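Engineer: Pasting upload22.txt here (compact mmCIF, C-alpha atoms):
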# COMPACT_ATOMS: atom_id res chain seq x y z
CA MET A 59 119.46 106.12 209.98
CA ILE A 60 120.88 103.27 212.09
CA LEU A 61 122.13 105.79 214.65
CA PHE A 62 118.69 107.39 214.91
CA SER A 63 117.10 103.96 215.33
CA LEU A 64 119.47 103.11 218.17
CA VAL A 65 118.75 106.44 219.88
CA LEU A 66 114.99 105.84 219.62
CA ALA A 67 115.36 102.31 220.99
CA LEU A 68 117.37 103.66 223.92
CA LEU A 69 114.75 106.35 224.60
CA ALA A 70 112.02 103.70 224.56
CA ILE A 71 113.95 101.60 227.09
CA LEU A 72 114.41 104.68 229.28
CA GLY A 73 110.63 105.21 229.33
CA ALA A 74 109.96 107.83 226.66
CA PRO A 75 106.25 107.99 225.65
CA LEU A 76 105.45 105.40 223.02
CA PHE A 77 103.59 107.87 220.76
CA ALA A 78 106.66 110.11 220.68
CA ILE A 79 108.90 107.21 219.65
CA ILE A 80 106.51 106.13 216.86
CA ALA A 81 106.04 109.70 215.63
CA ALA A 82 109.78 110.36 215.64
CA SER A 83 110.53 107.16 213.70
CA ALA A 84 107.91 108.10 211.06
CA MET A 85 109.27 111.63 210.74
CA ILE A 86 112.82 110.35 210.34
CA GLY A 87 111.62 107.85 207.72
CA PHE A 88 109.72 110.46 205.69
CA HIS A 89 112.65 112.87 205.96
CA GLY A 90 115.01 110.18 204.69
CA GLN A 91 112.75 109.73 201.66
CA GLU A 92 112.75 113.51 201.18
CA SER A 93 108.96 113.54 201.55
CA ASP A 94 107.04 116.56 202.78
CA LEU A 95 106.44 116.16 206.54
CA MET A 96 102.90 117.51 206.03
CA ILE A 97 102.15 113.87 205.13
CA MET A 98 102.37 113.17 208.87
CA ALA A 99 99.66 115.71 209.69
CA ILE A 100 97.40 114.42 206.89
CA GLU A 101 97.78 110.80 208.03
CA VAL A 102 97.13 111.70 211.67
CA GLN A 103 94.01 113.62 210.67
CA SER A 104 92.80 110.64 208.61
CA ILE A 105 91.84 108.63 211.69
CA ALA A 106 88.88 110.98 212.12
CA SER A 107 87.29 109.40 209.04
CA MET A 108 87.57 105.82 210.33
CA PRO A 109 84.00 104.50 210.55
CA PHE A 110 84.42 102.52 213.78
CA LEU A 111 86.46 105.09 215.70
CA ALA A 112 83.51 106.37 217.76
CA ALA A 113 82.94 102.86 219.17
CA ILE A 114 86.18 102.99 221.19
CA PRO A 115 85.33 105.89 223.57
CA LEU A 116 81.66 104.93 223.82
CA PHE A 117 82.23 101.28 224.80
CA THR A 118 85.03 102.35 227.16
CA PHE A 119 82.79 104.88 228.91
CA ALA A 120 80.01 102.30 229.27
CA GLY A 121 82.48 99.82 230.77
CA TYR A 122 83.77 102.34 233.30
CA LEU A 123 80.21 103.19 234.33
CA LEU A 124 79.45 99.51 234.92
CA SER A 125 82.57 99.08 237.04
CA GLU A 126 81.61 102.05 239.24
CA SER A 127 78.08 100.73 239.86
CA ASN A 128 76.90 97.64 241.75
CA ALA A 129 76.70 95.69 238.49
CA PRO A 130 79.70 93.49 239.47
CA LYS A 131 77.92 92.38 242.67
CA ARG A 132 74.72 91.62 240.78
CA LEU A 133 76.64 89.65 238.17
CA VAL A 134 78.38 87.56 240.84
CA ARG A 135 75.08 86.92 242.63
CA LEU A 136 73.39 85.79 239.41
CA THR A 137 76.17 83.45 238.29
CA GLY A 138 76.48 82.16 241.86
CA ALA A 139 72.78 81.33 242.02
CA MET A 140 72.96 79.46 238.72
CA LEU A 141 76.34 77.69 239.07
CA GLY A 142 77.34 77.90 242.72
CA TRP A 143 75.65 74.61 243.71
CA MET A 144 77.99 72.52 241.51
CA PRO A 145 81.17 70.84 242.85
CA GLY A 146 83.75 73.59 242.46
CA GLY A 147 80.92 75.78 241.20
CA LEU A 148 82.17 79.04 242.68
CA SER A 149 85.29 78.80 240.52
CA LEU A 150 82.99 78.67 237.46
CA VAL A 151 81.17 81.71 238.80
CA CYS A 152 84.50 83.54 238.96
CA LEU A 153 85.44 82.61 235.38
CA ALA A 154 82.03 83.46 233.90
CA ALA A 155 81.63 86.75 235.78
CA CYS A 156 85.16 87.95 234.95
CA ALA A 157 84.85 87.04 231.27
CA PHE A 158 81.54 88.91 230.93
CA PHE A 159 82.82 91.94 232.81
CA THR A 160 86.15 92.18 230.92
CA ALA A 161 84.32 91.97 227.59
CA PHE A 162 82.44 95.17 228.43
CA THR A 163 85.18 97.08 230.26
CA GLY A 164 87.96 96.05 227.86
CA ALA A 165 90.44 96.19 230.74
CA SER A 166 91.37 93.10 232.72
CA GLY A 167 92.93 95.14 235.51
CA VAL A 168 89.58 96.81 236.19
CA THR A 169 87.99 93.36 236.46
CA ILE A 170 90.51 92.19 239.06
CA ILE A 171 89.93 95.31 241.14
CA ALA A 172 86.13 95.39 240.76
CA LEU A 173 85.33 91.67 241.06
CA GLY A 174 88.37 90.50 243.01
CA ALA A 175 87.14 92.20 246.16
CA ILE A 176 83.96 90.11 245.96
CA LEU A 177 85.23 86.79 244.60
CA TYR A 178 88.54 86.36 246.43
CA PRO A 179 87.08 86.31 249.97
CA ALA A 180 84.04 84.32 248.77
CA LEU A 181 86.28 81.58 247.36
CA LYS A 182 88.26 81.46 250.61
CA GLN A 183 85.10 81.26 252.68
CA ASP A 184 83.86 78.28 250.63
CA GLY A 185 87.05 76.32 251.31
CA TYR A 186 89.08 76.90 248.14
CA GLY A 187 92.86 77.02 248.58
CA ASP A 188 94.38 80.48 248.87
CA LYS A 189 96.95 79.86 246.14
CA PHE A 190 94.25 78.59 243.75
CA ASN A 191 92.03 81.60 244.55
CA LEU A 192 94.80 84.05 243.78
CA GLY A 193 95.71 82.33 240.52
CA LEU A 194 92.09 82.01 239.42
CA VAL A 195 91.08 85.63 240.03
CA THR A 196 94.30 86.95 238.45
CA SER A 197 93.95 84.72 235.37
CA ALA A 198 90.20 85.18 234.89
CA GLY A 199 90.70 88.93 234.61
CA SER A 200 91.87 88.69 230.99
CA LEU A 201 89.38 86.08 229.75
CA GLY A 202 86.84 88.38 228.10
CA LEU A 203 89.18 89.99 225.58
CA LEU A 204 87.98 87.73 222.73
CA PHE A 205 84.29 88.41 223.35
CA ALA A 206 82.31 91.32 221.90
CA PRO A 207 82.44 94.24 222.46
CA SER A 208 86.05 93.92 223.66
CA LEU A 209 88.10 97.06 223.00
CA PRO A 210 91.17 95.15 221.69
CA LEU A 211 88.95 93.41 219.11
CA ILE A 212 87.66 96.76 217.89
CA LEU A 213 91.14 98.30 217.82
CA TYR A 214 92.54 95.37 215.84
CA GLY A 215 89.70 95.75 213.34
CA VAL A 216 90.47 99.46 212.94
CA VAL A 217 94.23 98.98 212.53
CA ALA A 218 94.02 95.92 210.25
CA GLU A 219 91.00 97.28 208.35
CA VAL A 220 89.13 94.04 209.03
CA SER A 221 85.38 93.73 209.61
CA ILE A 222 84.73 94.19 213.33
CA GLU A 223 81.52 92.18 213.01
CA ASP A 224 83.59 89.26 211.67
CA LEU A 225 86.03 89.59 214.57
CA PHE A 226 83.15 89.54 217.08
CA LEU A 227 81.93 86.26 215.54
CA ALA A 228 85.42 84.80 215.23
CA GLY A 229 86.19 85.33 218.91
CA ILE A 230 83.24 83.30 220.22
CA LEU A 231 84.59 79.72 219.98
CA PRO A 232 88.24 80.55 220.87
CA GLY A 233 87.02 82.53 223.88
CA LEU A 234 84.75 79.66 224.94
CA LEU A 235 87.64 77.20 224.51
CA MET A 236 89.72 79.18 226.99
CA LEU A 237 86.79 79.29 229.41
CA VAL A 238 86.08 75.56 229.09
CA MET A 239 89.70 74.53 229.58
CA LEU A 240 90.12 76.68 232.69
CA SER A 241 86.72 75.49 233.96
CA GLY A 242 87.74 71.85 233.54
CA TYR A 243 90.96 72.43 235.46
CA SER A 244 89.15 74.34 238.21
CA LEU A 245 86.49 71.63 238.63
CA TRP A 246 89.13 68.88 238.77
CA ILE A 247 91.29 70.65 241.35
CA ASN A 248 88.27 71.43 243.55
CA ARG A 249 86.29 68.25 242.97
CA ALA A 250 86.28 67.57 246.73
CA ILE A 251 84.52 70.86 247.48
CA ARG A 252 80.87 69.92 247.21
CA LYS A 253 77.64 71.62 248.14
CA PRO A 254 74.39 69.70 248.63
CA LEU A 255 72.09 69.90 245.62
CA SER A 256 69.49 71.39 247.95
CA SER A 257 71.61 74.55 248.06
CA PHE A 258 70.31 75.34 244.57
CA SER A 259 67.30 77.59 244.94
CA MET A 260 64.99 78.67 242.16
CA ARG A 261 63.85 81.46 244.44
CA GLU A 262 67.44 82.77 244.65
CA VAL A 263 67.85 82.43 240.88
CA GLY A 264 64.62 84.39 240.37
CA ALA A 265 65.70 87.08 242.84
CA ALA A 266 69.12 87.38 241.17
CA LEU A 267 67.49 87.60 237.73
CA ARG A 268 65.14 90.35 238.91
CA GLU A 269 68.06 92.24 240.45
CA SER A 270 70.10 91.97 237.22
CA ILE A 271 67.18 92.60 234.90
CA TRP A 272 68.62 95.88 233.63
CA GLU A 273 72.13 94.56 232.81
CA LEU A 274 71.03 91.30 231.17
CA PRO A 275 69.84 92.92 227.90
CA LEU A 276 73.30 94.42 227.23
CA PRO A 277 74.73 91.50 225.19
CA ILE A 278 71.47 91.28 223.27
CA VAL A 279 71.56 95.02 222.54
CA VAL A 280 75.16 94.85 221.29
CA LEU A 281 75.26 91.56 219.39
CA GLY A 282 71.62 91.30 218.39
CA GLY A 283 71.56 94.85 217.10
CA ILE A 284 74.74 94.41 215.05
CA TYR A 285 74.00 91.03 213.50
CA SER A 286 70.37 91.79 212.81
CA GLY A 287 71.60 94.71 210.75
CA PHE A 288 69.57 97.12 212.88
CA PHE A 289 72.62 99.27 213.61
CA ALA A 290 76.38 99.38 212.97
CA VAL A 291 79.13 98.83 215.55
CA SER A 292 79.52 102.55 216.31
CA GLU A 293 75.74 102.91 216.66
CA ALA A 294 75.68 99.86 218.97
CA ALA A 295 78.34 101.58 221.10
CA ALA A 296 76.25 104.76 221.31
CA VAL A 297 73.12 102.79 222.27
CA THR A 298 75.10 100.83 224.89
CA ALA A 299 76.56 103.99 226.47
CA LEU A 300 73.17 105.72 226.55
CA TYR A 301 71.48 102.60 227.96
CA VAL A 302 74.07 102.24 230.76
CA VAL A 303 73.78 105.94 231.68
CA ILE A 304 69.98 105.72 231.86
CA VAL A 305 70.04 102.51 233.94
CA GLU A 306 72.88 103.27 236.38
CA VAL A 307 72.29 107.01 236.80
CA LEU A 308 68.56 107.58 236.32
CA ILE A 309 66.80 104.28 237.09
CA LEU A 310 68.97 102.50 239.68
CA ARG A 311 70.64 105.75 240.81
CA GLU A 312 73.82 103.98 241.88
CA ILE A 313 75.99 106.65 240.28
CA PRO A 314 75.21 110.26 241.23
CA LEU A 315 74.89 112.66 238.31
CA ARG A 316 77.74 114.75 239.74
CA GLU A 317 80.09 111.74 239.38
CA LEU A 318 79.59 111.45 235.61
CA PRO A 319 82.27 114.05 234.71
CA ARG A 320 84.84 112.24 236.88
CA ILE A 321 84.06 108.83 235.36
CA MET A 322 84.03 110.30 231.87
CA ARG A 323 87.40 111.94 232.50
CA SER A 324 88.91 108.69 233.82
CA SER A 325 87.69 106.64 230.87
CA MET A 326 88.80 109.22 228.32
CA VAL A 327 92.36 109.21 229.71
CA LEU A 328 92.63 105.61 228.50
CA VAL A 329 90.90 106.44 225.21
CA GLY A 330 93.09 109.49 224.65
CA GLY A 331 96.25 107.45 225.07
CA ILE A 332 95.00 104.82 222.62
CA LEU A 333 93.92 107.39 220.00
CA VAL A 334 97.21 109.31 220.14
CA ILE A 335 99.18 106.10 219.62
CA LEU A 336 96.76 105.04 216.88
CA ALA A 337 97.09 108.38 215.09
CA VAL A 338 100.88 108.37 214.93
CA SER A 339 100.93 104.65 214.08
CA VAL A 340 98.79 105.37 211.00
CA ALA A 341 101.48 107.78 209.85
CA SER A 342 104.19 105.24 210.68
CA THR A 343 102.33 102.55 208.72
CA SER A 344 102.05 104.90 205.75
CA TYR A 345 105.84 105.36 205.77
CA MET A 346 106.44 101.60 206.03
CA ILE A 347 104.18 100.95 203.04
CA ASP A 348 105.91 103.67 200.99
CA ALA A 349 109.30 102.19 201.88
CA ASP A 350 108.14 98.60 201.07
CA ILE A 351 109.16 97.48 204.56
CA PRO A 352 106.47 94.72 204.85
CA GLN A 353 107.56 93.26 201.50
CA LYS A 354 111.22 93.34 202.53
CA LEU A 355 110.36 91.67 205.84
CA PHE A 356 108.37 89.00 204.01
CA ALA A 357 111.32 88.33 201.71
CA ILE A 358 113.61 87.89 204.73
CA VAL A 359 111.14 85.66 206.56
CA ALA A 360 110.44 83.61 203.42
CA GLU A 361 114.14 82.72 203.16
CA MET A 362 114.08 81.21 206.66
CA VAL A 363 110.49 79.93 206.88
CA SER A 364 109.11 77.58 204.26
CA SER A 365 105.59 76.80 205.52
CA PRO A 366 102.63 78.49 207.24
CA THR A 367 102.99 76.09 210.20
CA THR A 368 106.57 77.13 210.86
CA PHE A 369 105.59 80.78 210.53
CA LEU A 370 102.78 80.36 213.08
CA ILE A 371 105.16 78.66 215.54
CA LEU A 372 107.64 81.52 215.25
CA LEU A 373 104.81 84.05 215.47
CA LEU A 374 103.58 82.50 218.73
CA PHE A 375 107.03 82.69 220.30
CA PHE A 376 107.34 86.30 219.18
CA LEU A 377 103.91 87.27 220.53
CA LEU A 378 104.50 85.59 223.90
CA ILE A 379 107.70 87.61 224.34
CA LEU A 380 106.01 90.77 223.05
CA GLY A 381 103.04 90.32 225.39
CA ALA A 382 105.36 90.16 228.39
CA ILE A 383 106.96 93.52 227.64
CA LEU A 384 104.27 95.57 225.85
CA ASP A 385 100.62 96.28 226.58
CA ILE A 386 98.05 94.89 224.15
CA PHE A 387 96.93 98.26 222.73
CA SER A 388 100.48 99.38 221.89
CA ALA A 389 101.27 95.97 220.42
CA ILE A 390 98.25 96.14 218.11
CA VAL A 391 99.14 99.50 216.60
CA LEU A 392 102.87 98.76 216.40
CA VAL A 393 103.06 95.15 215.24
CA VAL A 394 99.86 94.33 213.34
CA PRO A 395 100.70 96.51 210.29
CA LEU A 396 104.01 94.62 209.98
CA ILE A 397 102.85 91.03 210.44
CA LEU A 398 99.57 91.31 208.50
CA PRO A 399 101.13 91.33 204.98
CA ILE A 400 103.66 88.64 206.00
CA ALA A 401 100.88 86.37 207.27
CA ALA A 402 98.90 87.04 204.08
CA GLY A 403 101.90 85.82 202.10
CA TYR A 404 101.55 82.47 203.86
CA GLY A 405 97.81 82.33 203.20
CA ILE A 406 96.75 82.98 206.79
CA HIS A 407 93.30 84.54 207.05
CA GLU A 408 93.40 88.06 208.45
CA VAL A 409 90.55 87.39 210.90
CA HIS A 410 92.21 84.19 212.17
CA LEU A 411 95.46 86.11 212.55
CA GLY A 412 93.63 88.69 214.65
CA ILE A 413 92.22 86.07 217.04
CA VAL A 414 95.63 84.37 217.33
CA PHE A 415 97.28 87.74 217.96
CA LEU A 416 94.83 88.77 220.68
CA ALA A 417 94.76 85.32 222.32
CA ALA A 418 98.55 85.23 222.52
CA MET A 419 98.78 88.82 223.73
CA GLN A 420 96.17 87.96 226.36
CA LEU A 421 98.79 85.65 227.90
CA GLY A 422 101.05 88.68 228.25
CA TYR A 423 98.92 89.86 231.17
CA LEU A 424 100.08 86.74 233.06
CA THR A 425 103.61 86.28 231.72
CA PRO A 426 106.49 87.04 234.12
CA PRO A 427 108.34 89.22 234.72
CA VAL A 428 106.17 92.21 233.79
CA GLY A 429 102.65 90.87 233.15
CA LEU A 430 100.30 93.68 234.16
CA ASN A 431 97.73 91.48 235.94
CA LEU A 432 100.44 89.97 238.10
CA PHE A 433 101.34 93.35 239.57
CA ILE A 434 97.72 94.46 239.91
CA ALA A 435 96.88 91.26 241.82
CA SER A 436 100.00 91.59 243.97
CA TYR A 437 98.98 95.12 244.94
CA ARG A 438 95.25 94.42 245.28
CA PHE A 439 95.56 91.29 247.45
CA GLU A 440 98.80 92.33 249.21
CA LYS A 441 100.73 89.25 248.10
CA PRO A 442 104.45 89.00 247.18
CA ILE A 443 104.93 89.10 243.43
CA MET A 444 106.78 85.76 243.43
CA HIS A 445 103.78 84.18 245.17
CA VAL A 446 101.53 85.56 242.42
CA TYR A 447 103.88 84.13 239.76
CA SER A 448 103.63 80.70 241.37
CA ALA A 449 99.84 80.87 241.81
CA THR A 450 99.14 81.80 238.19
CA PHE A 451 101.61 79.38 236.57
CA PRO A 452 99.16 76.42 236.14
CA PHE A 453 96.56 78.74 234.62
CA LEU A 454 99.19 80.23 232.30
CA ILE A 455 100.11 76.75 231.02
CA ILE A 456 96.45 75.86 230.36
CA LEU A 457 95.84 79.13 228.53
CA MET A 458 99.01 78.57 226.52
CA LEU A 459 97.68 75.17 225.42
CA SER A 460 94.40 76.80 224.41
CA VAL A 461 96.28 79.42 222.36
CA ILE A 462 98.17 76.64 220.55
CA LEU A 463 94.85 74.97 219.68
CA ILE A 464 93.39 78.30 218.50
CA THR A 465 96.47 78.90 216.34
CA PHE A 466 96.53 75.54 214.57
CA LEU A 467 92.77 75.01 214.33
CA PRO A 468 91.66 77.99 212.24
CA GLN A 469 88.16 76.49 211.98
CA LEU A 470 87.57 77.66 215.56
CA SER A 471 87.88 81.26 214.40
CA LEU A 472 86.38 80.98 210.93
CA ILE A 473 83.49 78.52 211.31
CA PHE A 474 80.85 81.25 211.68
CA LEU A 475 82.28 83.22 208.76
CA GLY A 476 81.87 80.42 206.24
CA ASP A 477 85.60 80.51 205.41
As a first step, turn the structure in this file into C-alpha cells.
Structural biologist:
Amino acid sequence: MILFSLVLALLAILGAPLFAIIAASAMIGFHGQESDLMIMAIEVQSIASMPFLAAIPLFTFAGYLLSESNAPKRLVRLTGAMLGWMPGGLSLVCLAACAFFTAFTGASGVTIIALGAILYPALKQDGYGDKFNLGLVTSAGSLGLLFAPSLPLILYGVVAEVSIEDLFLAGILPGLLMLVMLSGYSLWINRAIRKPLSSFSMREVGAALRESIWELPLPIVVLGGIYSGFFAVSEAAAVTALYVVIVEVLILREIPLRELPRIMRSSMVLVGGILVILAVSVASTSYMIDADIPQKLFAIVAEMVSSPTTFLILLLFFLLILGAILDIFSAIVLVVPLILPIAAGYGIHEVHLGIVFLAAMQLGYLTPPVGLNLFIASYRFEKPIMHVYSATFPFLIILMLSVILITFLPQLSLIFLGD
C-alpha cells in the first residue's frame, strides 16, 4: 500500500491528471479492503442526485456570458461615476468592480483578463503608480470568491453537505472585511491623488445607471429569490443563466447567437473538469469513511493539538501552503472531507470552517511561487514575474491579516445565521 501511495505521489508531481490520481487511490483502497469495485461506479453515479449540482454549470455559463459582453465596461463606468471623484477613488472602483465580477464568473483569472484591460491603463492615466496598479488589479481579481453566487462557495457546500444558503450569508461580512482593508490601504497610499468634487456628476451617474440597468437586477434575482424562499439555489442559477442570455443575446445583442455554442463549450470545459474531480472524490471520500481515516487523523492531531486555537493556527499554515500549490477547486474536493470531521472534533462550526478555508485558499492565487493570478497578470500585462511578486506583496500581507481576523472571529461568519 505504501509503495502504491509513493507511485501515485510521484505521478501527481509529474503532472498526471488529478482525477486519475484520486480514482486510482480509491480503487487501491477498496481493493485492499476486498470490497467490490462496483462501489466506485455507484458512488460516482451518486453525484447526479445532489440537489445543488445543476447550479455549478448554470452559474458558470452565466459568468462566461457576462465576461464576453460589454458588462465589464458598464460596471467600471458605473462604479467610476459613483466612487471615482474620491481621493484614490479609482482604486475603490477597481476593488468593487473586480469583486462583483469575480462573484458571478467564479474565476479570478477571467476578471484580470476582462477588467484588467480597462482598469490598468485607467489607473495609470489618473496618476497611480505602475507598481501599485499591477498589485491592485492582480489582487482584486480574487476578491469576489466569498460573495454569492461564487462557484467555490457552491462547491464547498456540495462537498461538505452544508447549506449553500448559509454559506452565501456567511461570506458577506468576511468578504466585506477584505474589501474594506484593501480599500483603506489603497486610499492611504494614494491620498495625494485628488480630483475636484466638481468632477462628480449626477448626470454621469444617471447615464451609467441607465446603461447598466439590465445587469443591476442580477444580485437581487440571485439573493432576493433565494432568501425570500421564492426559488432554490439551482432554480436561481437557471433563472440567472436565462436572464443573462435574454439580456446579452436578445436585448443588447452584444453576443451573436452563433457565438453561444463556443461560449457554452468554453464554460463547460471548466465545469467538466470540476465534475469529474468531484465524482471520483465522492468515491474516495466513501473509502476514507469506510476505513475510518478521518477518525484516525483526528486521533493523531488530538495528541499534538490540545485546543481549537492551536488547530486553527496549524490549519491556516497548511491552507496557505496548499493554496500555493493546488487550485481552489481541487483543494475543496481533496481536503475538505478530511479536515471537516477533525474540525468538528474541536467544535468548529462547519460553515465557519468553509469561510476560513475559502478565504485562506483565496490567498493561494497570490502566493509565490505558483499563485495562478501572478502568472496571469505577468502574461496579461507583459511584466516579469518577479516584478509581479513584488507588486502584490503588500496586498498579500493585508489579505493575510484579514484571513487571520476571519479565522479567529467566527462571529463574522456566523452572525447572520444566529449561531
Engineer: When you draw a straight line from CA of Ile413 (chain A) to CA of Val297 (chain A), how long is it in Å?
Structural biologist: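 A separation of 25.9 Å between them.
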Engineer: Pick out the residues sitting within 12 Å of Ala99 (chain A), and hand them over as a list in words; count all atoms listed in the file, and ignore anything fewer than 4 positions along from it in its own chain.
Structural biologist: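 Skipping anything fewer than 4 positions along the chain leaves Ala81, Ala84, Met85, Asp94, Leu95, Gln103, Ser104, Ile105, Ala337, Val338, Ser339, Val340, Ala341, Ser342 and Ser344 of chain A.
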Engineer: How would you write as a count of residues only the residues that get within 10 Å of (102.8, 89.7, 216.1) in the file's frame, counting only C-alpha atoms?
Structural biologist: 28
Engineer: Quote the spacing between CA of His445 (chain A) and CA of Leu430 (chain A) in Å to one decimal place.
Structural biologist: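 Distance reported for this atom pair: 15.0 Å.
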Engineer: Have a look at CA of Thr137 (chain A) and CA of Leu124 (chain A) and let me know their distance in Å, one decimal.
Structural biologist: 16.7 Å
Engineer: Which residues come within 12 Å of Leu153 (chain A), counting all atoms listed in the file, excluding same-chain residues fewer than 2 positions away, as a count of residues only?
Structural biologist: 47
Engineer: Quick one: of A:Val216, A:Ala78, A:Asn128, A:Leu192, who's nearest to Ile443 (chain A), counting all atoms listed in the file?
Structural biologist: A:Leu192
Engineer: Mind checking which residues fall within 10 Å of Val307 (chain A), counting only C-alpha atoms, ignoring those fewer than 6 positions away in the same chain, and posting them as a list of chain:residue names?
Structural biologist: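 The residues satisfying every condition are A:Leu123, A:Ser127, A:Tyr301, A:Ile313, A:Pro314, A:Leu315, A:Arg316, A:Glu317, A:Leu318.
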Engineer: (88.4, 94.5, 212.2) in this file's frame - what residues fall within 12 Å of it? Use all atoms listed in the file and give the answer as a tab-separated table (two decimals) with C-alpha atoms, in the coordinates of the input.
Structural biologist:
chain	number	residue	atom	x	y	z
A	108	MET	CA	87.57	105.82	210.33
A	109	PRO	CA	84.00	104.50	210.55
A	110	PHE	CA	84.42	102.52	213.78
A	111	LEU	CA	86.46	105.09	215.70
A	206	ALA	CA	82.31	91.32	221.90
A	207	PRO	CA	82.44	94.24	222.46
A	208	SER	CA	86.05	93.92	223.66
A	209	LEU	CA	88.10	97.06	223.00
A	210	PRO	CA	91.17	95.15	221.69
A	211	LEU	CA	88.95	93.41	219.11
A	212	ILE	CA	87.66	96.76	217.89
A	213	LEU	CA	91.14	98.30	217.82
A	214	TYR	CA	92.54	95.37	215.84
A	215	GLY	CA	89.70	95.75	213.34
A	216	VAL	CA	90.47	99.46	212.94
A	217	VAL	CA	94.23	98.98	212.53
A	218	ALA	CA	94.02	95.92	210.25
A	219	GLU	CA	91.00	97.28	208.35
A	220	VAL	CA	89.13	94.04	209.03
A	221	SER	CA	85.38	93.73	209.61
A	222	ILE	CA	84.73	94.19	213.33
A	223	GLU	CA	81.52	92.18	213.01
A	224	ASP	CA	83.59	89.26	211.67
A	225	LEU	CA	86.03	89.59	214.57
A	226	PHE	CA	83.15	89.54	217.08
A	227	LEU	CA	81.93	86.26	215.54
A	228	ALA	CA	85.42	84.80	215.23
A	229	GLY	CA	86.19	85.33	218.91
A	291	VAL	CA	79.13	98.83	215.55
A	390	ILE	CA	98.25	96.14	218.11
A	394	VAL	CA	99.86	94.33	213.34
A	408	GLU	CA	93.40	88.06	208.45
A	409	VAL	CA	90.55	87.39	210.90
A	410	HIS	CA	92.21	84.19	212.17
A	411	LEU	CA	95.46	86.11	212.55
A	412	GLY	CA	93.63	88.69	214.65
A	413	ILE	CA	92.22	86.07	217.04
Engineer: Using only C-alpha atoms for the distances, tell me which of A:Ile347, A:Ala154, A:Ala296, A:Gln420 is nearest to Ser460 (chain A).
Structural biologist: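 Closest candidate: A:Gln420.
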Engineer: List as a list in words the protein and nucleic acid residues near Ala265 (chain A), meaning an atom at most 12 Å away when all atoms listed in the file are counted, but skip any in the same chain fewer than 2 places from it.
Structural biologist: Arg132, Arg135, Leu136, Thr137, Gly138, Ala139, Met140, Ser259, Met260, Arg261, Glu262, Val263, Leu267, Arg268, Glu269, Ser270 and Ile271 of chain A
Engineer: Closest to Pro232 (chain A) among A:Leu310, A:Val65, A:Leu203, A:Ile171, using all atoms listed in the file?
Structural biologist: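 Of A:Leu310, A:Val65, A:Leu203, A:Ile171, the one nearest Pro232 (chain A) is A:Leu203, counting all atoms listed in the file.
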Engineer: Using all atoms listed in the file, find the one residue out of A:Tyr423, A:Gly330, A:Pro75, A:Phe369 that sits nearest to Ala402 (chain A).
Structural biologist: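 Using all atoms listed in the file, the shortest distance to Ala402 (chain A) belongs to A:Phe369.
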Engineer: Which neighbours of Gly283 (chain A) fall inside 10 Å, counting all atoms listed in the file, when residues of the same chain fewer than 6 positions from it are skipped, and could you give them as a PyMOL selection string?
Structural biologist: chain A and resi 277+289-291+293-294+297
Engineer: Report, as AutoDock Vina command-line options, the axis-aligned box around all atoms of region 230-233 of chain A present in the file, extended by 3 Å on each side; give centre and edge lengths in Å to one decimal place.
Structural biologist:
--center_x 85.7 --center_y 81.5 --center_z 221.9 --size_x 11.0 --size_y 9.6 --size_z 9.9
Engineer: Give the answer as one residue: which of A:Leu72, A:Phe205, A:Ala349, A:Leu328 has the shortest atom-to-atom distance to Leu281 (chain A), using only C-alpha atoms?
Structural biologist: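 The shortest atom-to-atom distance to Leu281 (chain A) comes from A:Phe205.
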Engineer: Closest to Thr425 (chain A) among A:Pro442, A:Gly331, A:Trp272, A:Met458, using all atoms listed in the file?
Structural biologist: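 Of all the options, A:Met458 lies closest to Thr425 (chain A).
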Engineer: Reconstruct region 386-396 of chain A at the level of N, CA and C atoms, and format the result as a CSV table (one decimal), in the coordinates of the input.
Structural biologist:
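Output (rebuild_4.csv):
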chain,number,residue,atom,x,y,z
A,386,ILE,N,98.7,95.4,225.3
A,386,ILE,CA,98.0,94.9,224.2
A,386,ILE,C,97.7,96.0,223.2
A,387,PHE,N,97.3,97.2,223.6
A,387,PHE,CA,96.9,98.3,222.7
A,387,PHE,C,98.1,98.8,221.9
A,388,SER,N,99.3,98.9,222.6
A,388,SER,CA,100.5,99.4,221.9
A,388,SER,C,100.9,98.3,220.9
A,389,ALA,N,100.8,97.1,221.3
A,389,ALA,CA,101.3,96.0,220.4
A,389,ALA,C,100.4,95.9,219.1
A,390,ILE,N,99.1,96.2,219.3
A,390,ILE,CA,98.2,96.1,218.1
A,390,ILE,C,98.7,97.2,217.1
A,391,VAL,N,98.8,98.4,217.5
A,391,VAL,CA,99.1,99.5,216.6
A,391,VAL,C,100.6,99.4,216.1
A,392,LEU,N,101.5,98.8,216.8
A,392,LEU,CA,102.9,98.8,216.4
A,392,LEU,C,103.2,97.6,215.5
A,393,VAL,N,102.6,96.4,215.9
A,393,VAL,CA,103.1,95.2,215.2
A,393,VAL,C,102.1,94.7,214.1
A,394,VAL,N,100.8,94.9,214.3
A,394,VAL,CA,99.9,94.3,213.3
A,394,VAL,C,100.1,94.8,211.9
A,395,PRO,N,100.4,96.1,211.7
A,395,PRO,CA,100.7,96.5,210.3
A,395,PRO,C,101.9,95.8,209.7
A,396,LEU,N,102.8,95.3,210.5
A,396,LEU,CA,104.0,94.6,210.0
A,396,LEU,C,103.7,93.1,209.7
